[in-house]
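Shown next: my_file33.pdb, containing PDB, N, CA and C atoms.
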```pdb
ATOM      1  N   MET T   1       0.821  -1.201   0.000  1.00  0.00           N
ATOM      2  CA  MET T   1       0.000   0.000   0.000  1.00  0.00           C
ATOM      3  C   MET T   1       0.862   1.260   0.000  1.00  0.00           C
ATOM      4  N   ASP T   2       2.042   1.229   0.638  1.00  0.00           N
ATOM      5  CA  ASP T   2       2.901   2.412   0.692  1.00  0.00           C
ATOM      6  C   ASP T   2       3.366   2.831  -0.697  1.00  0.00           C
ATOM      7  N   ALA T   3       3.666   1.858  -1.547  1.00  0.00           N
ATOM      8  CA  ALA T   3       4.105   2.179  -2.906  1.00  0.00           C
ATOM      9  C   ALA T   3       2.973   2.857  -3.672  1.00  0.00           C
ATOM     10  N   ASN T   4       1.750   2.422  -3.434  1.00  0.00           N
ATOM     11  CA  ASN T   4       0.604   3.040  -4.098  1.00  0.00           C
ATOM     12  C   ASN T   4       0.418   4.477  -3.652  1.00  0.00           C
ATOM     13  N   ILE T   5       0.674   4.754  -2.380  1.00  0.00           N
ATOM     14  CA  ILE T   5       0.536   6.108  -1.866  1.00  0.00           C
ATOM     15  C   ILE T   5       1.527   7.038  -2.560  1.00  0.00           C
ATOM     16  N   VAL T   6       2.749   6.570  -2.726  1.00  0.00           N
ATOM     17  CA  VAL T   6       3.771   7.381  -3.388  1.00  0.00           C
ATOM     18  C   VAL T   6       3.392   7.620  -4.846  1.00  0.00           C
ATOM     19  N   GLU T   7       2.891   6.588  -5.512  1.00  0.00           N
ATOM     20  CA  GLU T   7       2.471   6.734  -6.907  1.00  0.00           C
ATOM     21  C   GLU T   7       1.308   7.726  -7.027  1.00  0.00           C
ATOM     22  N   ILE T   8       0.351   7.636  -6.131  1.00  0.00           N
ATOM     23  CA  ILE T   8      -0.796   8.542  -6.153  1.00  0.00           C
ATOM     24  C   ILE T   8      -0.325   9.967  -5.908  1.00  0.00           C
ATOM     25  N   TYR T   9       0.581  10.144  -4.948  1.00  0.00           N
ATOM     26  CA  TYR T   9       1.103  11.488  -4.666  1.00  0.00           C
ATOM     27  C   TYR T   9       1.824  12.059  -5.892  1.00  0.00           C
ATOM     28  N   CYS T  10       2.644  11.241  -6.542  1.00  0.00           N
ATOM     29  CA  CYS T  10       3.382  11.717  -7.721  1.00  0.00           C
ATOM     30  C   CYS T  10       2.429  12.115  -8.845  1.00  0.00           C
ATOM     31  N   MET T  11       1.381  11.319  -9.054  1.00  0.00           N
ATOM     32  CA  MET T  11       0.401  11.664 -10.086  1.00  0.00           C
ATOM     33  C   MET T  11      -0.349  12.939  -9.730  1.00  0.00           C
ATOM     34  N   ALA T  12      -0.711  13.107  -8.456  1.00  0.00           N
ATOM     35  CA  ALA T  12      -1.420  14.317  -8.030  1.00  0.00           C
ATOM     36  C   ALA T  12      -0.515  15.538  -8.161  1.00  0.00           C
ATOM     37  N   ASP T  13       0.754  15.380  -7.842  1.00  0.00           N
ATOM     38  CA  ASP T  13       1.700  16.491  -7.947  1.00  0.00           C
ATOM     39  C   ASP T  13       1.901  16.894  -9.406  1.00  0.00           C
ATOM     40  N   GLU T  14       2.041  15.915 -10.276  1.00  0.00           N
ATOM     41  CA  GLU T  14       2.198  16.202 -11.706  1.00  0.00           C
ATOM     42  C   GLU T  14       0.943  16.863 -12.266  1.00  0.00           C
ATOM     43  N   PHE T  15      -0.225  16.354 -11.868  1.00  0.00           N
ATOM     44  CA  PHE T  15      -1.483  16.968 -12.295  1.00  0.00           C
ATOM     45  C   PHE T  15      -1.550  18.422 -11.844  1.00  0.00           C
ATOM     46  N   GLY T  16      -1.189  18.678 -10.588  1.00  0.00           N
ATOM     47  CA  GLY T  16      -1.248  20.036 -10.057  1.00  0.00           C
ATOM     48  C   GLY T  16      -0.344  20.996 -10.807  1.00  0.00           C
ATOM     49  N   ARG T  17       0.869  20.547 -11.125  1.00  0.00           N
ATOM     50  CA  ARG T  17       1.789  21.409 -11.872  1.00  0.00           C
ATOM     51  C   ARG T  17       1.260  21.688 -13.269  1.00  0.00           C
ATOM     52  N   ASN T  18       0.737  20.665 -13.942  1.00  0.00           N
ATOM     53  CA  ASN T  18       0.169  20.860 -15.278  1.00  0.00           C
ATOM     54  C   ASN T  18      -1.070  21.739 -15.230  1.00  0.00           C
ATOM     55  N   PHE T  19      -1.923  21.531 -14.247  1.00  0.00           N
ATOM     56  CA  PHE T  19      -3.151  22.312 -14.106  1.00  0.00           C
ATOM     57  C   PHE T  19      -2.824  23.780 -13.864  1.00  0.00           C
ATOM     58  N   ASP T  20      -1.858  24.044 -12.995  1.00  0.00           N
ATOM     59  CA  ASP T  20      -1.471  25.429 -12.711  1.00  0.00           C
ATOM     60  C   ASP T  20      -0.927  26.126 -13.954  1.00  0.00           C
ATOM     61  N   SER T  21      -0.121  25.424 -14.734  1.00  0.00           N
ATOM     62  CA  SER T  21       0.453  26.054 -15.930  1.00  0.00           C
ATOM     63  C   SER T  21      -0.605  26.313 -16.998  1.00  0.00           C
ATOM     64  N   VAL T  22      -1.602  25.444 -17.106  1.00  0.00           N
ATOM     65  CA  VAL T  22      -2.660  25.623 -18.109  1.00  0.00           C
ATOM     66  C   VAL T  22      -3.613  26.748 -17.704  1.00  0.00           C
ATOM     67  N   THR T  23      -3.955  26.820 -16.423  1.00  0.00           N
ATOM     68  CA  THR T  23      -4.941  27.806 -15.978  1.00  0.00           C
ATOM     69  C   THR T  23      -4.335  29.151 -15.605  1.00  0.00           C
ATOM     70  N   GLU T  24      -3.031  29.279 -15.672  1.00  0.00           N
ATOM     71  CA  GLU T  24      -2.361  30.505 -15.245  1.00  0.00           C
ATOM     72  C   GLU T  24      -2.881  31.745 -15.951  1.00  0.00           C
ATOM     73  N   GLY T  25      -3.041  31.714 -17.233  1.00  0.00           N
ATOM     74  CA  GLY T  25      -3.487  32.877 -17.980  1.00  0.00           C
ATOM     75  C   GLY T  25      -4.992  33.037 -18.051  1.00  0.00           C
ATOM     76  N   HIS T  26      -5.741  32.056 -17.546  1.00  0.00           N
ATOM     77  CA  HIS T  26      -7.192  32.062 -17.680  1.00  0.00           C
ATOM     78  C   HIS T  26      -7.928  32.339 -16.377  1.00  0.00           C
ATOM     79  N   SER T  27      -7.233  32.563 -15.300  1.00  0.00           N
ATOM     80  CA  SER T  27      -7.898  32.770 -14.019  1.00  0.00           C
ATOM     81  C   SER T  27      -8.109  34.259 -13.750  1.00  0.00           C
ATOM     82  N   LEU T  28      -9.030  34.546 -12.870  1.00  0.00           N
ATOM     83  CA  LEU T  28      -9.343  35.927 -12.519  1.00  0.00           C
ATOM     84  C   LEU T  28      -8.241  36.502 -11.644  1.00  0.00           C
ATOM     85  N   GLN T  29      -8.084  37.797 -11.698  1.00  0.00           N
ATOM     86  CA  GLN T  29      -7.099  38.473 -10.855  1.00  0.00           C
ATOM     87  C   GLN T  29      -7.614  38.550  -9.430  1.00  0.00           C
ATOM     88  N   LYS T  30      -6.696  38.603  -8.486  1.00  0.00           N
ATOM     89  CA  LYS T  30      -7.073  38.647  -7.075  1.00  0.00           C
ATOM     90  C   LYS T  30      -7.082  40.063  -6.517  1.00  0.00           C
ATOM     91  N   ASP T  31      -7.179  41.074  -7.352  1.00  0.00           N
ATOM     92  CA  ASP T  31      -7.193  42.462  -6.906  1.00  0.00           C
ATOM     93  C   ASP T  31      -8.613  42.910  -6.592  1.00  0.00           C
ATOM     94  N   SER T  32      -9.238  42.286  -5.616  1.00  0.00           N
ATOM     95  CA  SER T  32     -10.613  42.613  -5.273  1.00  0.00           C
ATOM     96  C   SER T  32     -10.710  43.694  -4.212  1.00  0.00           C
ATOM     97  N   GLY T  33      -9.592  44.162  -3.698  1.00  0.00           N
ATOM     98  CA  GLY T  33      -9.611  45.197  -2.681  1.00  0.00           C
ATOM     99  C   GLY T  33      -9.713  44.655  -1.268  1.00  0.00           C
ATOM    100  N   LYS T  34      -9.985  43.381  -1.137  1.00  0.00           N
ATOM    101  CA  LYS T  34     -10.081  42.775   0.187  1.00  0.00           C
ATOM    102  C   LYS T  34      -8.687  42.463   0.719  1.00  0.00           C
ATOM    103  N   ARG T  35      -8.554  42.582   2.005  1.00  0.00           N
ATOM    104  CA  ARG T  35      -7.291  42.187   2.623  1.00  0.00           C
ATOM    105  C   ARG T  35      -7.264  40.673   2.732  1.00  0.00           C
ATOM    106  N   SER T  36      -6.144  40.080   2.465  1.00  0.00           N
ATOM    107  CA  SER T  36      -6.032  38.633   2.567  1.00  0.00           C
ATOM    108  C   SER T  36      -4.976  38.275   3.597  1.00  0.00           C
ATOM    109  N   ARG T  37      -5.105  37.115   4.134  1.00  0.00           N
ATOM    110  CA  ARG T  37      -4.143  36.644   5.112  1.00  0.00           C
ATOM    111  C   ARG T  37      -2.907  36.128   4.396  1.00  0.00           C
ATOM    112  N   ASN T  38      -1.789  36.354   4.979  1.00  0.00           N
ATOM    113  CA  ASN T  38      -0.536  35.879   4.397  1.00  0.00           C
ATOM    114  C   ASN T  38       0.013  34.702   5.190  1.00  0.00           C
ATOM    115  N   ARG T  39      -0.868  33.817   5.551  1.00  0.00           N
ATOM    116  CA  ARG T  39      -0.495  32.652   6.329  1.00  0.00           C
ATOM    117  C   ARG T  39       0.130  31.606   5.409  1.00  0.00           C
ATOM    118  N   LYS T  40       1.232  31.021   5.835  1.00  0.00           N
ATOM    119  CA  LYS T  40       1.858  29.963   5.048  1.00  0.00           C
ATOM    120  C   LYS T  40       1.014  28.697   5.142  1.00  0.00           C
ATOM    121  N   LEU T  41       0.892  28.021   4.024  1.00  0.00           N
ATOM    122  CA  LEU T  41       0.158  26.771   3.995  1.00  0.00           C
ATOM    123  C   LEU T  41       1.001  25.679   4.641  1.00  0.00           C
ATOM    124  N   THR T  42       0.342  24.782   5.340  1.00  0.00           N
ATOM    125  CA  THR T  42       1.082  23.703   5.971  1.00  0.00           C
ATOM    126  C   THR T  42       1.109  22.453   5.105  1.00  0.00           C
ATOM    127  N   MET T  43       0.168  22.337   4.184  1.00  0.00           N
ATOM    128  CA  MET T  43       0.131  21.184   3.284  1.00  0.00           C
ATOM    129  C   MET T  43       0.046  21.680   1.852  1.00  0.00           C
ATOM    130  N   SER T  44       0.696  20.956   0.965  1.00  0.00           N
ATOM    131  CA  SER T  44       0.624  21.312  -0.451  1.00  0.00           C
ATOM    132  C   SER T  44      -0.690  20.811  -1.042  1.00  0.00           C
ATOM    133  N   ASP T  45      -1.047  21.341  -2.192  1.00  0.00           N
ATOM    134  CA  ASP T  45      -2.252  20.878  -2.877  1.00  0.00           C
ATOM    135  C   ASP T  45      -2.152  19.390  -3.188  1.00  0.00           C
ATOM    136  N   SER T  46      -0.963  18.930  -3.555  1.00  0.00           N
ATOM    137  CA  SER T  46      -0.760  17.514  -3.886  1.00  0.00           C
ATOM    138  C   SER T  46      -1.011  16.628  -2.675  1.00  0.00           C
ATOM    139  N   GLU T  47      -0.611  17.082  -1.502  1.00  0.00           N
ATOM    140  CA  GLU T  47      -0.844  16.298  -0.285  1.00  0.00           C
ATOM    141  C   GLU T  47      -2.333  16.212   0.036  1.00  0.00           C
ATOM    142  N   VAL T  48      -3.045  17.304  -0.128  1.00  0.00           N
ATOM    143  CA  VAL T  48      -4.488  17.315   0.137  1.00  0.00           C
ATOM    144  C   VAL T  48      -5.214  16.413  -0.851  1.00  0.00           C
ATOM    145  N   ILE T  49      -4.857  16.508  -2.128  1.00  0.00           N
ATOM    146  CA  ILE T  49      -5.487  15.667  -3.149  1.00  0.00           C
ATOM    147  C   ILE T  49      -5.221  14.197  -2.866  1.00  0.00           C
ATOM    148  N   THR T  50      -4.001  13.859  -2.464  1.00  0.00           N
ATOM    149  CA  THR T  50      -3.655  12.470  -2.154  1.00  0.00           C
ATOM    150  C   THR T  50      -4.494  11.953  -0.999  1.00  0.00           C
ATOM    151  N   ILE T  51      -4.663  12.749   0.042  1.00  0.00           N
ATOM    152  CA  ILE T  51      -5.476  12.331   1.184  1.00  0.00           C
ATOM    153  C   ILE T  51      -6.923  12.109   0.761  1.00  0.00           C
ATOM    154  N   LEU T  52      -7.454  12.992  -0.076  1.00  0.00           N
ATOM    155  CA  LEU T  52      -8.834  12.832  -0.547  1.00  0.00           C
ATOM    156  C   LEU T  52      -9.003  11.570  -1.388  1.00  0.00           C
ATOM    157  N   ILE T  53      -8.052  11.295  -2.261  1.00  0.00           N
ATOM    158  CA  ILE T  53      -8.116  10.089  -3.091  1.00  0.00           C
ATOM    159  C   ILE T  53      -8.064   8.848  -2.215  1.00  0.00           C
ATOM    160  N   LEU T  54      -7.146   8.811  -1.256  1.00  0.00           N
ATOM    161  CA  LEU T  54      -7.025   7.649  -0.374  1.00  0.00           C
ATOM    162  C   LEU T  54      -8.267   7.473   0.481  1.00  0.00           C
ATOM    163  N   PHE T  55      -8.870   8.566   0.932  1.00  0.00           N
ATOM    164  CA  PHE T  55     -10.115   8.492   1.701  1.00  0.00           C
ATOM    165  C   PHE T  55     -11.209   7.823   0.888  1.00  0.00           C
ATOM    166  N   HIS T  56     -11.349   8.242  -0.375  1.00  0.00           N
ATOM    167  CA  HIS T  56     -12.402   7.664  -1.221  1.00  0.00           C
ATOM    168  C   HIS T  56     -12.091   6.224  -1.608  1.00  0.00           C
ATOM    169  N   LEU T  57     -10.837   5.900  -1.818  1.00  0.00           N
ATOM    170  CA  LEU T  57     -10.484   4.513  -2.121  1.00  0.00           C
ATOM    171  C   LEU T  57     -10.769   3.614  -0.917  1.00  0.00           C
ATOM    172  N   ARG T  58     -10.464   4.100   0.261  1.00  0.00           N
ATOM    173  CA  ARG T  58     -10.684   3.335   1.494  1.00  0.00           C
ATOM    174  C   ARG T  58     -12.178   3.132   1.730  1.00  0.00           C
ATOM    175  N   ALA T  59     -12.987   4.148   1.464  1.00  0.00           N
ATOM    176  CA  ALA T  59     -14.428   4.053   1.678  1.00  0.00           C
ATOM    177  C   ALA T  59     -15.046   3.035   0.720  1.00  0.00           C
ATOM    178  N   ASN T  60     -14.543   2.961  -0.492  1.00  0.00           N
ATOM    179  CA  ASN T  60     -15.073   2.001  -1.473  1.00  0.00           C
ATOM    180  C   ASN T  60     -14.587   0.579  -1.227  1.00  0.00           C
ATOM    181  N   ALA T  61     -13.500   0.410  -0.504  1.00  0.00           N
ATOM    182  CA  ALA T  61     -12.947  -0.920  -0.247  1.00  0.00           C
ATOM    183  C   ALA T  61     -13.763  -1.670   0.796  1.00  0.00           C
ATOM    184  N   SER T  62     -14.494  -0.939   1.637  1.00  0.00           N
ATOM    185  CA  SER T  62     -15.258  -1.568   2.710  1.00  0.00           C
ATOM    186  C   SER T  62     -16.531  -2.208   2.216  1.00  0.00           C
TER     187      SER T  62
END
```
Do you think you could lay out the structure here as structure tokens?
Amino acid sequence: MDANIVEIYCMADEFGRNFDSVTEGHSLQKDSGKRSRNRKLTMSDSEVITILILFHLRANAS
């Protein structure tokens, strides 16, 4: 199962990098005038996606 987790993480990370590069020029600007928090993220998008995928795989295995 550990090897599968690494493979899933690598695929999610590659997807995230490709998705960011494709949507970079097509997304809305964030100059809405609102103040935003400058808090550092503790988990990467790839880590969150991996956890969500594993959660759904685990739920379907039962």
Could you spell out the hits of the PyMOL selection byres (((chain T and resi 47-49 and name CA) around 12) and name CA) on the shown file, as a PDB file with N, CA and C atoms, in the frame of the given file?
```pdb
ATOM      1  N   ILE T   5       0.674   4.754  -2.380  1.00  0.00           N
ATOM      2  CA  ILE T   5       0.536   6.108  -1.866  1.00  0.00           C
ATOM      3  C   ILE T   5       1.527   7.038  -2.560  1.00  0.00           C
ATOM      4  N   VAL T   6       2.749   6.570  -2.726  1.00  0.00           N
ATOM      5  CA  VAL T   6       3.771   7.381  -3.388  1.00  0.00           C
ATOM      6  C   VAL T   6       3.392   7.620  -4.846  1.00  0.00           C
ATOM      7  N   ILE T   8       0.351   7.636  -6.131  1.00  0.00           N
ATOM      8  CA  ILE T   8      -0.796   8.542  -6.153  1.00  0.00           C
ATOM      9  C   ILE T   8      -0.325   9.967  -5.908  1.00  0.00           C
ATOM     10  N   TYR T   9       0.581  10.144  -4.948  1.00  0.00           N
ATOM     11  CA  TYR T   9       1.103  11.488  -4.666  1.00  0.00           C
ATOM     12  C   TYR T   9       1.824  12.059  -5.892  1.00  0.00           C
ATOM     13  N   CYS T  10       2.644  11.241  -6.542  1.00  0.00           N
ATOM     14  CA  CYS T  10       3.382  11.717  -7.721  1.00  0.00           C
ATOM     15  C   CYS T  10       2.429  12.115  -8.845  1.00  0.00           C
ATOM     16  N   MET T  11       1.381  11.319  -9.054  1.00  0.00           N
ATOM     17  CA  MET T  11       0.401  11.664 -10.086  1.00  0.00           C
ATOM     18  C   MET T  11      -0.349  12.939  -9.730  1.00  0.00           C
ATOM     19  N   ALA T  12      -0.711  13.107  -8.456  1.00  0.00           N
ATOM     20  CA  ALA T  12      -1.420  14.317  -8.030  1.00  0.00           C
ATOM     21  C   ALA T  12      -0.515  15.538  -8.161  1.00  0.00           C
ATOM     22  N   ASP T  13       0.754  15.380  -7.842  1.00  0.00           N
ATOM     23  CA  ASP T  13       1.700  16.491  -7.947  1.00  0.00           C
ATOM     24  C   ASP T  13       1.901  16.894  -9.406  1.00  0.00           C
ATOM     25  N   GLU T  14       2.041  15.915 -10.276  1.00  0.00           N
ATOM     26  CA  GLU T  14       2.198  16.202 -11.706  1.00  0.00           C
ATOM     27  C   GLU T  14       0.943  16.863 -12.266  1.00  0.00           C
ATOM     28  N   PHE T  15      -0.225  16.354 -11.868  1.00  0.00           N
ATOM     29  CA  PHE T  15      -1.483  16.968 -12.295  1.00  0.00           C
ATOM     30  C   PHE T  15      -1.550  18.422 -11.844  1.00  0.00           C
ATOM     31  N   GLY T  16      -1.189  18.678 -10.588  1.00  0.00           N
ATOM     32  CA  GLY T  16      -1.248  20.036 -10.057  1.00  0.00           C
ATOM     33  C   GLY T  16      -0.344  20.996 -10.807  1.00  0.00           C
ATOM     34  N   LEU T  41       0.892  28.021   4.024  1.00  0.00           N
ATOM     35  CA  LEU T  41       0.158  26.771   3.995  1.00  0.00           C
ATOM     36  C   LEU T  41       1.001  25.679   4.641  1.00  0.00           C
ATOM     37  N   THR T  42       0.342  24.782   5.340  1.00  0.00           N
ATOM     38  CA  THR T  42       1.082  23.703   5.971  1.00  0.00           C
ATOM     39  C   THR T  42       1.109  22.453   5.105  1.00  0.00           C
ATOM     40  N   MET T  43       0.168  22.337   4.184  1.00  0.00           N
ATOM     41  CA  MET T  43       0.131  21.184   3.284  1.00  0.00           C
ATOM     42  C   MET T  43       0.046  21.680   1.852  1.00  0.00           C
ATOM     43  N   SER T  44       0.696  20.956   0.965  1.00  0.00           N
ATOM     44  CA  SER T  44       0.624  21.312  -0.451  1.00  0.00           C
ATOM     45  C   SER T  44      -0.690  20.811  -1.042  1.00  0.00           C
ATOM     46  N   ASP T  45      -1.047  21.341  -2.192  1.00  0.00           N
ATOM     47  CA  ASP T  45      -2.252  20.878  -2.877  1.00  0.00           C
ATOM     48  C   ASP T  45      -2.152  19.390  -3.188  1.00  0.00           C
ATOM     49  N   SER T  46      -0.963  18.930  -3.555  1.00  0.00           N
ATOM     50  CA  SER T  46      -0.760  17.514  -3.886  1.00  0.00           C
ATOM     51  C   SER T  46      -1.011  16.628  -2.675  1.00  0.00           C
ATOM     52  N   THR T  50      -4.001  13.859  -2.464  1.00  0.00           N
ATOM     53  CA  THR T  50      -3.655  12.470  -2.154  1.00  0.00           C
ATOM     54  C   THR T  50      -4.494  11.953  -0.999  1.00  0.00           C
ATOM     55  N   ILE T  51      -4.663  12.749   0.042  1.00  0.00           N
ATOM     56  CA  ILE T  51      -5.476  12.331   1.184  1.00  0.00           C
ATOM     57  C   ILE T  51      -6.923  12.109   0.761  1.00  0.00           C
ATOM     58  N   LEU T  52      -7.454  12.992  -0.076  1.00  0.00           N
ATOM     59  CA  LEU T  52      -8.834  12.832  -0.547  1.00  0.00           C
ATOM     60  C   LEU T  52      -9.003  11.570  -1.388  1.00  0.00           C
ATOM     61  N   ILE T  53      -8.052  11.295  -2.261  1.00  0.00           N
ATOM     62  CA  ILE T  53      -8.116  10.089  -3.091  1.00  0.00           C
ATOM     63  C   ILE T  53      -8.064   8.848  -2.215  1.00  0.00           C
ATOM     64  N   LEU T  54      -7.146   8.811  -1.256  1.00  0.00           N
ATOM     65  CA  LEU T  54      -7.025   7.649  -0.374  1.00  0.00           C
ATOM     66  C   LEU T  54      -8.267   7.473   0.481  1.00  0.00           C
ATOM     67  N   PHE T  55      -8.870   8.566   0.932  1.00  0.00           N
ATOM     68  CA  PHE T  55     -10.115   8.492   1.701  1.00  0.00           C
ATOM     69  C   PHE T  55     -11.209   7.823   0.888  1.00  0.00           C
ATOM     70  N   HIS T  56     -11.349   8.242  -0.375  1.00  0.00           N
ATOM     71  CA  HIS T  56     -12.402   7.664  -1.221  1.00  0.00           C
ATOM     72  C   HIS T  56     -12.091   6.224  -1.608  1.00  0.00           C
TER      73      HIS T  56
END
```
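Going from atom CA of Asn38 of chain T to atom CA of Thr23 of chain T covers 22.4 Å.
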Once you add 6 Å to each side, what are the centre and edge lengths of the axis-aligned box holding all listed atoms of segment 14-22 of chain T? One decimal in Å, as AutoDock Vina command-line options, if you can.
```
--center_x -0.7 --center_y 21.3 --center_z -14.1 --size_x 17.8 --size_y 22.8 --size_z 20.1
```
Could you find all residues in chain T that DSSP calls helix (DSSP H, G or I) from the backbone, and write them as number ranges by chain? T: 2-23, 45-61
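Computed from the coordinates, the atom CA of Glu7 of chain T to atom CA of Val22 of chain T distance equals 22.6 Å.
Atom to atom, atom CA of Asn4 of chain T and atom CA of Ala61 of chain T stand 14.6 Å apart.
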Please reconstruct the missing atoms of segment 38-46 of chain T (target: all heavy atoms) and return them as a compact mmCIF listing (two decimals), in the frame of the given file.
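Written output follows (rebuild-v4.txt):
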```txt
# COMPACT_ATOMS: atom_id res chain seq x y z
N ASN T 38 -1.79 36.35 4.98
CA ASN T 38 -0.54 35.88 4.40
C ASN T 38 0.01 34.70 5.19
O ASN T 38 1.20 34.62 5.46
CB ASN T 38 0.50 37.01 4.35
CG ASN T 38 0.09 38.09 3.37
OD1 ASN T 38 -0.53 37.78 2.37
ND2 ASN T 38 0.43 39.32 3.66
N ARG T 39 -0.87 33.82 5.55
CA ARG T 39 -0.50 32.65 6.33
C ARG T 39 0.13 31.61 5.41
O ARG T 39 -0.38 31.33 4.33
CB ARG T 39 -1.74 32.07 6.98
CG ARG T 39 -1.45 30.96 7.96
CD ARG T 39 -2.70 30.40 8.56
NE ARG T 39 -3.52 31.46 9.13
CZ ARG T 39 -4.74 31.27 9.59
NH1 ARG T 39 -5.30 30.09 9.52
NH2 ARG T 39 -5.43 32.28 10.08
N LYS T 40 1.23 31.02 5.84
CA LYS T 40 1.86 29.96 5.05
C LYS T 40 1.01 28.70 5.14
O LYS T 40 0.49 28.36 6.20
CB LYS T 40 3.26 29.67 5.56
CG LYS T 40 4.25 30.77 5.27
CD LYS T 40 5.63 30.34 5.67
CE LYS T 40 6.62 31.43 5.33
NZ LYS T 40 7.99 31.02 5.66
N LEU T 41 0.89 28.02 4.02
CA LEU T 41 0.16 26.77 4.00
C LEU T 41 1.00 25.68 4.64
O LEU T 41 2.22 25.65 4.49
CB LEU T 41 -0.19 26.39 2.57
CG LEU T 41 -1.04 27.39 1.80
CD1 LEU T 41 -1.19 26.94 0.36
CD2 LEU T 41 -2.38 27.53 2.45
N THR T 42 0.34 24.78 5.34
CA THR T 42 1.08 23.70 5.97
C THR T 42 1.11 22.45 5.11
O THR T 42 1.97 21.61 5.29
CB THR T 42 0.48 23.37 7.34
OG1 THR T 42 -0.90 23.05 7.18
CG2 THR T 42 0.61 24.54 8.29
N MET T 43 0.17 22.34 4.18
CA MET T 43 0.13 21.18 3.28
C MET T 43 0.05 21.68 1.85
O MET T 43 -0.62 22.66 1.55
CB MET T 43 -1.08 20.30 3.58
CG MET T 43 -1.03 19.63 4.92
SD MET T 43 -2.48 18.61 5.22
CE MET T 43 -2.20 17.28 4.08
N SER T 44 0.70 20.96 0.96
CA SER T 44 0.62 21.31 -0.45
C SER T 44 -0.69 20.81 -1.04
O SER T 44 -1.37 19.96 -0.46
CB SER T 44 1.80 20.70 -1.21
OG SER T 44 1.67 19.29 -1.27
N ASP T 45 -1.05 21.34 -2.19
CA ASP T 45 -2.25 20.88 -2.88
C ASP T 45 -2.15 19.39 -3.19
O ASP T 45 -3.14 18.66 -3.08
CB ASP T 45 -2.47 21.66 -4.17
CG ASP T 45 -2.85 23.11 -3.91
OD1 ASP T 45 -3.29 23.43 -2.80
OD2 ASP T 45 -2.71 23.92 -4.86
N SER T 46 -0.96 18.93 -3.56
CA SER T 46 -0.76 17.51 -3.89
C SER T 46 -1.01 16.63 -2.68
O SER T 46 -1.58 15.54 -2.80
CB SER T 46 0.66 17.28 -4.38
OG SER T 46 0.91 18.08 -5.50
```
